[in-house]
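Content type mmCIF, C-alpha atoms, from the file my_file02.cif:
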data_structure
#
loop_
_atom_site.label_atom_id
_atom_site.label_comp_id
_atom_site.auth_asym_id
_atom_site.auth_seq_id
_atom_site.Cartn_x
_atom_site.Cartn_y
_atom_site.Cartn_z
CA MET I 1 7.49 61.84 -6.93
CA SER I 2 7.49 64.80 -9.31
CA GLN I 3 8.34 68.20 -7.91
CA LYS I 4 5.51 70.71 -7.75
CA TYR I 5 5.31 74.36 -6.84
CA ALA I 6 2.54 76.63 -5.60
CA PHE I 7 0.70 78.22 -8.50
CA PRO I 8 -1.46 81.39 -8.34
CA VAL I 9 -5.08 80.26 -7.95
CA GLU I 10 -6.35 83.12 -10.13
CA GLN I 11 -4.35 81.72 -13.07
CA ILE I 12 -5.51 78.10 -13.05
CA ARG I 13 -7.57 78.65 -16.23
CA ARG I 14 -4.30 77.93 -17.99
CA TYR I 15 -4.78 74.26 -17.10
CA LEU I 16 -8.55 73.84 -16.82
CA GLU I 17 -9.95 76.08 -19.57
CA PRO I 18 -8.57 73.79 -22.32
CA GLY I 19 -11.09 71.21 -21.09
CA PRO I 20 -9.09 68.19 -19.86
CA VAL I 21 -10.56 65.21 -18.08
CA VAL I 22 -9.72 65.54 -14.38
CA LEU I 23 -9.69 63.24 -11.36
CA LEU I 24 -11.53 64.45 -8.26
CA SER I 25 -10.22 63.10 -4.98
CA ALA I 26 -12.32 63.29 -1.84
CA LEU I 27 -12.21 62.35 1.84
CA HIS I 28 -15.20 61.92 4.09
CA ARG I 29 -15.46 60.18 7.46
CA GLY I 30 -12.08 58.56 7.00
CA LYS I 31 -12.86 57.10 3.56
CA ARG I 32 -11.13 58.35 0.42
CA ASN I 33 -12.29 58.10 -3.17
CA ILE I 34 -11.45 59.18 -6.71
CA MET I 35 -13.76 59.91 -9.65
CA THR I 36 -13.23 60.90 -13.29
CA LEU I 37 -14.85 64.15 -14.43
CA GLY I 38 -15.15 65.83 -17.82
CA TRP I 39 -17.93 68.33 -17.15
CA HIS I 40 -16.36 71.43 -15.62
CA THR I 41 -15.77 75.08 -16.40
CA ILE I 42 -13.87 78.03 -15.04
CA MET I 43 -16.37 80.58 -13.68
CA GLU I 44 -14.23 83.41 -12.27
CA PHE I 45 -10.58 84.41 -11.93
CA SER I 46 -10.79 85.88 -8.42
CA PRO I 47 -12.19 84.36 -6.34
CA SER I 48 -10.95 81.37 -8.32
CA LEU I 49 -14.22 79.59 -9.13
CA VAL I 50 -14.74 76.31 -10.97
CA GLY I 51 -18.13 74.75 -11.71
CA CYS I 52 -18.35 70.93 -11.78
CA MET I 53 -21.25 68.69 -12.79
CA ILE I 54 -20.94 65.69 -10.49
CA SER I 55 -23.62 63.17 -11.29
CA ALA I 56 -25.54 62.10 -8.17
CA GLY I 57 -24.92 58.48 -9.17
CA ASN I 58 -21.27 58.84 -8.18
CA HIS I 59 -20.15 57.55 -4.81
CA SER I 60 -18.15 60.78 -4.49
CA PHE I 61 -21.23 62.99 -4.84
CA SER I 62 -22.36 62.80 -1.21
CA MET I 63 -18.76 62.62 0.06
CA ILE I 64 -17.97 65.96 -1.60
CA ARG I 65 -21.30 67.52 -0.75
CA GLU I 66 -21.04 66.58 2.91
CA SER I 67 -17.35 67.31 3.42
CA GLY I 68 -17.60 70.47 1.28
CA GLU I 69 -14.20 69.72 -0.22
CA CYS I 70 -12.30 67.94 -2.96
CA VAL I 71 -9.11 68.17 -4.98
CA ILE I 72 -9.19 68.52 -8.77
CA ASN I 73 -6.16 66.60 -10.09
CA LEU I 74 -4.90 66.90 -13.66
CA PRO I 75 -3.83 63.56 -15.17
CA THR I 76 -1.67 63.26 -18.29
CA VAL I 77 -1.74 60.64 -21.08
CA GLU I 78 0.43 58.17 -19.14
CA LEU I 79 -2.56 57.72 -16.84
CA ALA I 80 -5.10 57.06 -19.63
CA ASP I 81 -5.78 53.46 -18.61
CA ARG I 82 -6.23 54.37 -14.98
CA VAL I 83 -8.44 57.38 -15.82
CA ALA I 84 -10.74 55.11 -17.84
CA LYS I 85 -10.80 52.40 -15.18
CA ILE I 86 -11.46 54.87 -12.34
CA GLY I 87 -14.45 56.18 -14.29
CA ASN I 88 -15.81 52.66 -14.71
CA CYS I 89 -16.02 51.37 -11.17
CA SER I 90 -17.48 52.59 -7.90
CA GLY I 91 -15.65 53.63 -4.76
CA LYS I 92 -18.49 52.01 -2.85
CA GLU I 93 -16.79 48.66 -3.32
CA ARG I 94 -13.10 49.48 -3.46
CA ASP I 95 -10.23 51.77 -2.51
CA LYS I 96 -9.24 53.29 -5.85
CA PHE I 97 -5.95 54.72 -4.56
CA ALA I 98 -4.81 51.22 -3.62
CA ASP I 99 -6.36 49.35 -6.53
CA PHE I 100 -4.89 51.65 -9.18
CA SER I 101 -1.51 52.17 -7.49
CA LEU I 102 -2.01 55.89 -6.92
CA THR I 103 -0.25 57.78 -4.16
CA GLU I 104 -1.92 60.10 -1.66
CA ALA I 105 -0.25 63.48 -1.33
CA ALA I 106 -1.17 65.74 1.57
CA SER I 107 -3.05 68.89 0.62
CA GLN I 108 -2.23 72.33 1.99
CA LYS I 109 -5.66 73.77 2.75
CA VAL I 110 -8.17 70.92 2.59
CA ASP I 111 -8.32 67.50 4.22
CA ALA I 112 -8.97 65.67 0.94
CA PRO I 113 -5.74 64.15 -0.39
CA ALA I 114 -4.27 64.91 -3.81
CA ILE I 115 -3.11 62.25 -6.30
CA ASP I 116 0.64 62.55 -6.52
CA GLU I 117 0.93 60.97 -10.01
CA CYS I 118 -1.07 63.85 -11.51
CA TYR I 119 0.51 66.96 -13.09
CA ALA I 120 -1.38 69.49 -10.95
CA HIS I 121 -3.62 69.70 -7.91
CA PHE I 122 -6.33 72.29 -7.34
CA GLU I 123 -7.64 72.21 -3.79
CA CYS I 124 -11.33 73.10 -3.66
CA ARG I 125 -13.87 74.21 -1.08
CA LEU I 126 -17.56 74.23 -1.89
CA TYR I 127 -18.38 77.90 -2.55
CA ASP I 128 -22.05 77.80 -3.55
CA ASP I 129 -24.45 74.85 -3.41
CA VAL I 130 -27.41 76.63 -5.00
CA LEU I 131 -27.40 74.40 -8.11
CA ILE I 132 -26.57 71.06 -6.50
CA GLU I 133 -30.14 69.98 -5.83
CA LYS I 134 -31.47 70.80 -9.29
CA TYR I 135 -28.45 70.18 -11.54
CA ASN I 136 -25.80 68.34 -9.48
CA PHE I 137 -23.69 71.41 -10.23
CA PHE I 138 -21.07 72.29 -7.61
CA ILE I 139 -19.44 75.73 -7.57
CA PHE I 140 -16.01 75.39 -5.94
CA GLU I 141 -13.44 77.94 -4.90
CA VAL I 142 -9.89 76.83 -5.60
CA VAL I 143 -8.06 77.74 -2.40
CA HIS I 144 -4.63 76.37 -3.25
CA ALA I 145 -2.91 75.12 -6.41
CA ARG I 146 0.25 73.13 -7.06
CA VAL I 147 1.67 72.39 -10.49
CA GLN I 148 4.62 70.41 -11.87
CA ARG I 149 7.53 72.45 -13.25
CA GLU I 150 8.04 70.23 -16.27
CA PRO I 151 6.91 69.75 -18.97
CA GLN I 152 5.72 73.29 -19.68
CA TRP I 153 2.81 71.96 -21.76
CA PRO I 154 1.51 68.70 -20.29
CA GLU I 155 -0.23 66.28 -22.62
CA THR I 156 -3.68 65.87 -21.13
CA LEU I 157 -6.79 63.88 -22.08
CA HIS I 158 -10.04 65.27 -23.49
CA TYR I 159 -13.03 62.97 -23.39
CA SER I 160 -15.37 62.68 -26.39
CA GLY I 161 -17.68 59.93 -25.16
CA ALA I 162 -17.78 56.32 -26.39
CA GLY I 163 -14.49 55.48 -24.66
CA LEU I 164 -12.52 57.88 -26.88
CA PHE I 165 -10.13 60.57 -25.68
CA ARG I 166 -8.08 63.10 -27.60
CA THR I 167 -4.72 64.36 -26.46
CA ASP I 168 -3.38 67.90 -26.79
CA GLY I 169 -1.68 69.06 -29.98
CA VAL I 170 0.69 71.90 -30.78
CA VAL I 171 0.65 75.36 -29.20
CA ILE I 172 -0.65 78.16 -31.41
CA ASP I 173 0.60 81.57 -30.34
CA ARG I 174 -1.70 84.47 -31.24
CA HIS I 175 -0.77 86.83 -28.43
CA LYS I 176 0.02 89.59 -30.92
CA LEU I 177 -3.68 89.72 -31.80
CA PHE I 178 -4.65 90.31 -28.19
CA THR I 179 -5.28 93.90 -27.11
CA LYS I 180 -5.27 93.02 -23.44
CA VAL I 181 -3.76 89.68 -22.66
CA SER I 182 -5.82 87.57 -20.26
CA MET A 183 -20.10 76.06 -47.93
CA SER A 184 -19.39 72.78 -46.16
CA GLN A 185 -22.20 70.26 -45.96
CA LYS A 186 -23.71 69.70 -42.54
CA TYR A 187 -26.23 67.25 -41.18
CA ALA A 188 -28.58 67.26 -38.22
CA PHE A 189 -26.91 65.73 -35.17
CA PRO A 190 -28.68 64.31 -32.08
CA VAL A 191 -28.71 67.07 -29.45
CA GLU A 192 -28.22 64.55 -26.62
CA GLN A 193 -24.84 63.58 -28.13
CA ILE A 194 -23.22 66.99 -28.53
CA ARG A 195 -20.84 66.28 -25.64
CA ARG A 196 -18.74 64.62 -28.31
CA TYR A 197 -17.81 68.10 -29.56
CA LEU A 198 -18.10 70.32 -26.48
CA GLU A 199 -16.82 68.14 -23.64
CA PRO A 200 -13.23 68.22 -24.98
CA GLY A 201 -13.28 71.94 -24.12
CA PRO A 202 -12.81 73.86 -27.39
CA VAL A 203 -13.07 77.60 -27.74
CA VAL A 204 -16.41 78.39 -29.34
CA LEU A 205 -17.98 81.36 -31.09
CA LEU A 206 -21.39 82.50 -29.85
CA SER A 207 -23.56 84.21 -32.43
CA ALA A 208 -26.55 86.29 -31.36
CA LEU A 209 -29.32 88.42 -32.83
CA HIS A 210 -31.30 91.06 -30.98
CA ARG A 211 -33.44 93.87 -32.34
CA GLY A 212 -32.07 93.38 -35.83
CA LYS A 213 -28.40 93.54 -34.76
CA ARG A 214 -26.13 90.52 -34.95
CA ASN A 215 -22.92 89.85 -33.06
CA ILE A 216 -20.26 87.23 -32.40
CA MET A 217 -18.17 86.59 -29.29
CA THR A 218 -15.40 84.15 -28.38
CA LEU A 219 -16.04 81.89 -25.37
CA GLY A 220 -13.87 79.39 -23.52
CA TRP A 221 -15.81 78.98 -20.28
CA HIS A 222 -18.52 76.40 -20.89
CA THR A 223 -19.51 72.92 -19.75
CA ILE A 224 -21.98 70.22 -20.66
CA MET A 225 -24.54 69.92 -17.84
CA GLU A 226 -26.97 67.22 -18.99
CA PHE A 227 -27.51 64.84 -21.92
CA SER A 228 -31.31 65.14 -22.12
CA PRO A 229 -32.52 67.81 -22.05
CA SER A 230 -29.28 68.82 -23.76
CA LEU A 231 -27.94 71.45 -21.36
CA VAL A 232 -24.81 73.58 -21.68
CA GLY A 233 -23.63 76.13 -19.10
CA CYS A 234 -21.78 79.22 -20.37
CA MET A 235 -20.02 81.95 -18.41
CA ILE A 236 -20.62 85.09 -20.49
CA SER A 237 -18.90 88.04 -18.89
CA ALA A 238 -21.25 90.99 -18.48
CA GLY A 239 -18.62 93.17 -20.16
CA ASN A 240 -19.43 91.55 -23.49
CA HIS A 241 -21.72 93.37 -25.90
CA SER A 242 -23.41 89.98 -26.49
CA PHE A 243 -24.33 89.57 -22.82
CA SER A 244 -27.51 91.65 -22.90
CA MET A 245 -28.32 90.59 -26.47
CA ILE A 246 -28.37 86.94 -25.42
CA ARG A 247 -30.06 87.60 -22.10
CA GLU A 248 -32.84 89.65 -23.69
CA SER A 249 -33.38 87.53 -26.80
CA GLY A 250 -33.01 84.31 -24.78
CA GLU A 251 -31.11 82.72 -27.65
CA CYS A 252 -27.75 82.16 -29.27
CA VAL A 253 -25.88 79.69 -31.43
CA ILE A 254 -22.72 77.97 -30.19
CA ASN A 255 -20.46 77.56 -33.24
CA LEU A 256 -17.39 75.32 -33.26
CA PRO A 257 -14.40 76.88 -35.09
CA THR A 258 -11.38 74.87 -36.26
CA VAL A 259 -7.71 75.87 -36.46
CA GLU A 260 -8.10 77.55 -39.85
CA LEU A 261 -10.11 80.24 -38.03
CA ALA A 262 -7.50 80.86 -35.28
CA ASP A 263 -6.74 84.43 -36.37
CA ARG A 264 -10.39 85.34 -36.59
CA VAL A 265 -11.22 83.67 -33.27
CA ALA A 266 -8.51 85.76 -31.58
CA LYS A 267 -9.58 88.98 -33.31
CA ILE A 268 -13.28 88.45 -32.52
CA GLY A 269 -12.37 88.07 -28.86
CA ASN A 270 -10.44 91.31 -28.91
CA CYS A 271 -12.95 93.83 -30.22
CA SER A 272 -16.48 94.83 -29.33
CA GLY A 273 -19.62 94.35 -31.40
CA LYS A 274 -20.72 97.72 -30.06
CA GLU A 275 -18.61 99.38 -32.70
CA ARG A 276 -18.67 96.93 -35.60
CA ASP A 277 -20.37 94.15 -37.51
CA LYS A 278 -18.09 91.18 -36.88
CA PHE A 279 -19.69 88.99 -39.56
CA ALA A 280 -18.81 91.59 -42.19
CA ASP A 281 -15.46 92.68 -40.75
CA PHE A 282 -14.13 89.12 -40.42
CA SER A 283 -15.63 87.78 -43.68
CA LEU A 284 -17.92 85.29 -41.93
CA THR A 285 -21.13 84.05 -43.50
CA GLU A 286 -24.53 83.97 -41.80
CA ALA A 287 -26.31 80.64 -42.05
CA ALA A 288 -29.98 80.43 -41.14
CA SER A 289 -30.75 78.45 -38.00
CA GLN A 290 -33.53 75.89 -37.75
CA LYS A 291 -35.10 76.65 -34.39
CA VAL A 292 -33.79 80.03 -33.25
CA ASP A 293 -33.61 83.44 -34.89
CA ALA A 294 -29.89 83.91 -34.13
CA PRO A 295 -27.80 83.08 -37.22
CA ALA A 296 -25.07 80.45 -37.28
CA ILE A 297 -21.54 81.03 -38.65
CA ASP A 298 -21.25 78.93 -41.77
CA GLU A 299 -17.43 78.69 -41.69
CA CYS A 300 -17.59 76.76 -38.40
CA TYR A 301 -17.57 72.96 -38.15
CA ALA A 302 -20.75 72.66 -36.09
CA HIS A 303 -23.67 74.75 -34.86
CA PHE A 304 -25.56 74.20 -31.62
CA GLU A 305 -28.74 76.27 -31.48
CA CYS A 306 -29.50 77.35 -27.91
CA ARG A 307 -32.45 78.68 -25.96
CA LEU A 308 -31.99 80.10 -22.48
CA TYR A 309 -33.19 77.31 -20.15
CA ASP A 310 -32.48 78.74 -16.70
CA ASP A 311 -31.38 82.25 -15.77
CA VAL A 312 -31.01 81.62 -12.03
CA LEU A 313 -27.22 82.17 -12.05
CA ILE A 314 -27.01 85.05 -14.52
CA GLU A 315 -27.32 87.85 -12.00
CA LYS A 316 -24.75 86.49 -9.56
CA TYR A 317 -22.27 84.67 -11.84
CA ASN A 318 -23.06 85.69 -15.45
CA PHE A 319 -23.71 81.98 -15.90
CA PHE A 320 -26.27 81.05 -18.59
CA ILE A 321 -27.82 77.58 -18.69
CA PHE A 322 -28.88 76.86 -22.28
CA GLU A 323 -30.84 74.04 -23.84
CA VAL A 324 -29.46 72.96 -27.20
CA VAL A 325 -32.59 72.64 -29.32
CA HIS A 326 -30.97 71.78 -32.65
CA ALA A 327 -27.51 70.73 -33.79
CA ARG A 328 -25.80 70.55 -37.18
CA VAL A 329 -22.33 69.11 -37.76
CA GLN A 330 -20.00 68.75 -40.74
CA ARG A 331 -19.57 65.23 -42.13
CA GLU A 332 -15.82 65.54 -42.61
CA PRO A 333 -13.29 65.42 -41.07
CA GLN A 334 -14.42 62.89 -38.47
CA TRP A 335 -12.15 64.50 -35.86
CA PRO A 336 -11.99 68.28 -36.37
CA GLU A 337 -8.91 70.10 -35.16
CA THR A 338 -10.25 72.64 -32.70
CA LEU A 339 -8.69 75.32 -30.47
CA HIS A 340 -8.30 75.19 -26.69
CA TYR A 341 -7.50 78.46 -24.97
CA SER A 342 -4.87 78.63 -22.22
CA GLY A 343 -4.79 82.39 -21.61
CA ALA A 344 -1.99 84.80 -22.58
CA GLY A 345 -2.91 84.58 -26.28
CA LEU A 346 -1.98 80.89 -26.47
CA PHE A 347 -4.15 78.10 -27.85
CA ARG A 348 -3.52 74.38 -28.14
CA THR A 349 -4.91 72.24 -30.91
CA ASP A 350 -6.20 68.68 -30.63
CA GLY A 351 -3.85 65.72 -30.79
CA VAL A 352 -4.33 62.04 -31.57
CA VAL A 353 -7.34 59.94 -30.61
CA ILE A 354 -6.80 57.47 -27.77
CA ASP A 355 -9.28 54.60 -27.82
CA ARG A 356 -9.98 53.04 -24.43
CA HIS A 357 -13.53 51.83 -25.08
CA LYS A 358 -12.57 48.30 -24.03
CA LEU A 359 -12.09 49.60 -20.49
CA PHE A 360 -15.62 51.00 -20.37
CA THR A 361 -18.27 48.89 -18.70
CA LYS A 362 -21.12 50.99 -20.05
CA VAL A 363 -20.13 53.24 -22.91
CA SER A 364 -21.40 56.78 -22.56
#

So, in terms of structure tokens, how does the structure I just supplied come out?
Amino acid sequence: MSQKYAFPVEQIRRYLEPGPVVLLSALHRGKRNIMTLGWHTIMEFSPSLVGCMISAGNHSFSMIRESGECVINLPTVELADRVAKIGNCSGKERDKFADFSLTEAASQKVDAPAIDECYAHFECRLYDDVLIEKYNFFIFEVVHARVQREPQWPETLHYSGAGLFRTDGVVIDRHKLFTKVS
Amino acid sequence: MSQKYAFPVEQIRRYLEPGPVVLLSALHRGKRNIMTLGWHTIMEFSPSLVGCMISAGNHSFSMIRESGECVINLPTVELADRVAKIGNCSGKERDKFADFSLTEAASQKVDAPAIDECYAHFECRLYDDVLIEKYNFFIFEVVHARVQREPQWPETLHYSGAGLFRTDGVVIDRHKLFTKVS
């Protein structure tokens, strides 16, 4: 599949801060699963923290909570159908990797597999569970990242509800207005 | 300025879930301020909860923490220069409304003013401060929302770091793949 390279974990905001829909892959007691997620935010550069709202109704919720791990995968527009379908069925009844023709890729630092068809993989370990009980909010540390070399600006999906996504548009460069670039 | 209408607070994910850069406006002890924010996530439909990572280095941090309020304003591409400039200076030294020719609009349920030039305004009250001390993470309840009627799909800004933003692209409709539309 597509060639990927290790990417600095403290710079992953480049891919997640724009707000794309992501696919979380998990492994627990020998079972794998995938879920679609739109509710996430970068929380810190270093350690590289990402907050994710994983509704307790998801089959992946307890898998991720109990294994303390997952991989955040970044799908591009080619995967739009599969992203929608993955978000509309439960891993309780099926193997989503097999059913949606997705390929497991071995991770570097976690046991959960990555989804090879995605543009990037962010391997996560549960960092703080303080908000899981009350808000289903997981704070993960990204412990390893891999990203495709091309294209430089992947066309991702941004979910708006009601079955509607928007893709990414043009790049607007305003770096000359930045006093310290971050 | 542009006409806006009240929008159901439990549906604001339509505008925030796609991950746009937003402008937070605040008022505390008679002083107003604006900051640029890219680190936020929807956390719940009802109550309408939004989590925001507001770095403690921001002048707005203590204003929002102490007043327990702010407005999340949604800027569109026309405001790209001002969004970048607002994020690169401190309200300690200046009045950003005046300096960047932005217009205060009265809010309905909070004292903090909205920014009239923005497409939408989400009035927020601090809902839970449990993660402020450790992560600078504010959990807000959106108590009132106003949105422009046109265009139906505003062109917003998504920050990627290094002074680079991406705009929104086309709408991809996959509602037929959704078993329950949410």

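Shell of Leu177 (chain I) at 10 Å, with all atoms listed in the file counted and residues fewer than 6 places along the chain excluded, is A:Asp263, A:Arg264, A:Val265, A:Ala266, A:Lys267, A:Ile268, A:Gly269, A:Asn270, A:Gly345.
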
Output C-alpha atoms for every residue in the selection just made, as a compact mmCIF listing (two decimals), in the frame of the given file.
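Now in again31.txt:
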# COMPACT_ATOMS: atom_id res chain seq x y z
CA ASP A 263 -6.74 84.43 -36.37
CA ARG A 264 -10.39 85.34 -36.59
CA VAL A 265 -11.22 83.67 -33.27
CA ALA A 266 -8.51 85.76 -31.58
CA LYS A 267 -9.58 88.98 -33.31
CA ILE A 268 -13.28 88.45 -32.52
CA GLY A 269 -12.37 88.07 -28.86
CA ASN A 270 -10.44 91.31 -28.91
CA GLY A 345 -2.91 84.58 -26.28

Exercise for review: At a cut-off of 7 Å, list the chain I residues touching chain A, using all atoms listed in the file, as number ranges by chain.
Suggested key: I: 13-15, 17-20, 38-43, 53, 84-85, 88, 158-175, 177-179, 181-182

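Near Ile72 (chain I), within 9 Å and counting only C-alpha atoms, sit Val22, Leu23, Leu24, Ser25, Ala114, Ala120, His121, Phe122, Glu123, Cys124 and Val142 of chain I, not including residues fewer than 3 positions from it in the same chain.
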
Check your understanding: Applied to this file, what does the PyMOL selection byres ((chain I and resi 127) around 9) return in terms of residues, put as a list in words?
Key ->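 Going through the file, the PyMOL selection byres ((chain I and resi 127) around 9) ends up selecting Leu49, Gly68, Cys124, Arg125, Leu126, Asp128, Asp129, Phe138, Ile139, Phe140 and Glu141 of chain I.
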
Take the residues from that selection and put them in a file with C-alpha atoms, as a PDB file, keeping the file's coordinate frame.
ATOM      1  CA  LEU I  49     -14.220  79.590  -9.130  1.00  0.00           C
ATOM      2  CA  GLY I  68     -17.600  70.470   1.280  1.00  0.00           C
ATOM      3  CA  CYS I 124     -11.330  73.100  -3.660  1.00  0.00           C
ATOM      4  CA  ARG I 125     -13.870  74.210  -1.080  1.00  0.00           C
ATOM      5  CA  LEU I 126     -17.560  74.230  -1.890  1.00  0.00           C
ATOM      6  CA  ASP I 128     -22.050  77.800  -3.550  1.00  0.00           C
ATOM      7  CA  ASP I 129     -24.450  74.850  -3.410  1.00  0.00           C
ATOM      8  CA  PHE I 138     -21.070  72.290  -7.610  1.00  0.00           C
ATOM      9  CA  ILE I 139     -19.440  75.730  -7.570  1.00  0.00           C
ATOM     10  CA  PHE I 140     -16.010  75.390  -5.940  1.00  0.00           C
ATOM     11  CA  GLU I 141     -13.440  77.940  -4.900  1.00  0.00           C
TER      12      GLU I 141
END

The centre and edge lengths of an axis-aligned box containing all atoms of region 251-257 of chain A present in the file, extended by 8 Å on each side, are to be given in Å to one decimal, as lines of an AutoDock Vina configuration file.
center_x = -22.8
center_y = 79.0
center_z = -31.4
size_x = 32.7
size_y = 23.4
size_z = 23.4

Review point. Quick one, how far is CA of Leu209 (chain A) from CA of Ala294 (chain A)?
Key: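 Separating CA of Leu209 (chain A) from CA of Ala294 (chain A) is a distance of 4.7 Å.
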
**Study point:** Residue contacts of region 31-33 of chain I (7 Å, only C-alpha atoms) excluding same-chain residues fewer than 5 positions away, as a ChimeraX atom specification
**Key:** /I:25-26,60,91,95-96

Output file for the selection above: C-alpha atoms, as a PDB file, in the frame of the given file:
ATOM      1  CA  SER I  25     -10.220  63.100  -4.980  1.00  0.00           C
ATOM      2  CA  ALA I  26     -12.320  63.290  -1.840  1.00  0.00           C
ATOM      3  CA  SER I  60     -18.150  60.780  -4.490  1.00  0.00           C
ATOM      4  CA  GLY I  91     -15.650  53.630  -4.760  1.00  0.00           C
ATOM      5  CA  ASP I  95     -10.230  51.770  -2.510  1.00  0.00           C
ATOM      6  CA  LYS I  96      -9.240  53.290  -5.850  1.00  0.00           C
TER       7      LYS I  96
END

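Every protein, DNA or RNA residue with an atom at most 9 Å from Val191 (chain A), where only C-alpha atoms count and chain neighbours fewer than 5 positions away do not, is listed here: Phe227, Ser228, Pro229, Ser230, Phe304, Val324, Val325, His326, Ala327 and Arg328 of chain A.
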
Exercise for review: May I ask for the distance between CA of Ser289 (chain A) and CA of Val253 (chain A), given in Å to one decimal place?
Suggested key: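 Distance between the two atoms: 8.3 Å.
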
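Going from CA of Gly239 (chain A) over to CA of Asp298 (chain A), you cover 26.0 Å.
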
Review point. Pick from I:Ile34, I:Ala106, I:Ile132, I:Cys118: nearest to Arg94 (chain I), with all atoms listed in the file counted?
Key: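 With all atoms listed in the file as the atom set, the closest residue is I:Ile34.
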
Exercise for review: Take the PyMOL selection byres ((chain A and resi 333) around 12), apply it to the structure above, and return the hits as a PyMOL selection string.
Suggested key: chain A and resi 184-186+258+301-302+329-332+334-338

Missing atoms in region 121-132 of chain I: can you complete it with N, CA, C and O atoms, as a compact mmCIF listing (two decimals), in the coordinates of the input?
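Saved result, out.txt, follows:
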# COMPACT_ATOMS: atom_id res chain seq x y z
N HIS I 121 -2.58 69.90 -8.92
CA HIS I 121 -3.62 69.70 -7.91
C HIS I 121 -4.28 71.04 -7.61
O HIS I 121 -3.57 72.01 -7.30
N PHE I 122 -5.59 71.07 -7.67
CA PHE I 122 -6.33 72.29 -7.34
C PHE I 122 -7.24 71.97 -6.16
O PHE I 122 -8.22 71.23 -6.30
N GLU I 123 -6.89 72.51 -5.01
CA GLU I 123 -7.64 72.21 -3.79
C GLU I 123 -8.91 73.07 -3.74
O GLU I 123 -8.82 74.30 -3.87
N CYS I 124 -10.04 72.42 -3.55
CA CYS I 124 -11.33 73.10 -3.66
C CYS I 124 -12.15 73.05 -2.38
O CYS I 124 -12.20 72.02 -1.72
N ARG I 125 -12.82 74.18 -2.12
CA ARG I 125 -13.87 74.21 -1.08
C ARG I 125 -15.18 74.58 -1.76
O ARG I 125 -15.20 75.43 -2.64
N LEU I 126 -16.24 73.92 -1.34
CA LEU I 126 -17.56 74.23 -1.89
C LEU I 126 -17.87 75.71 -1.61
O LEU I 126 -17.81 76.16 -0.46
N TYR I 127 -18.18 76.44 -2.66
CA TYR I 127 -18.38 77.90 -2.55
C TYR I 127 -19.87 78.24 -2.59
O TYR I 127 -20.32 79.15 -1.92
N ASP I 128 -20.62 77.51 -3.42
CA ASP I 128 -22.05 77.80 -3.55
C ASP I 128 -22.75 76.50 -3.95
O ASP I 128 -22.39 75.86 -4.94
N ASP I 129 -23.75 76.11 -3.14
CA ASP I 129 -24.45 74.85 -3.41
C ASP I 129 -25.81 75.06 -4.06
O ASP I 129 -26.60 74.12 -4.17
N VAL I 130 -26.07 76.28 -4.53
CA VAL I 130 -27.41 76.63 -5.00
C VAL I 130 -27.89 75.73 -6.15
O VAL I 130 -29.09 75.50 -6.29
N LEU I 131 -26.98 75.22 -6.97
CA LEU I 131 -27.40 74.40 -8.11
C LEU I 131 -27.19 72.90 -7.92
O LEU I 131 -27.36 72.11 -8.85
N ILE I 132 -26.83 72.49 -6.71
CA ILE I 132 -26.57 71.06 -6.50
C ILE I 132 -27.87 70.26 -6.57
O ILE I 132 -27.96 69.24 -7.27
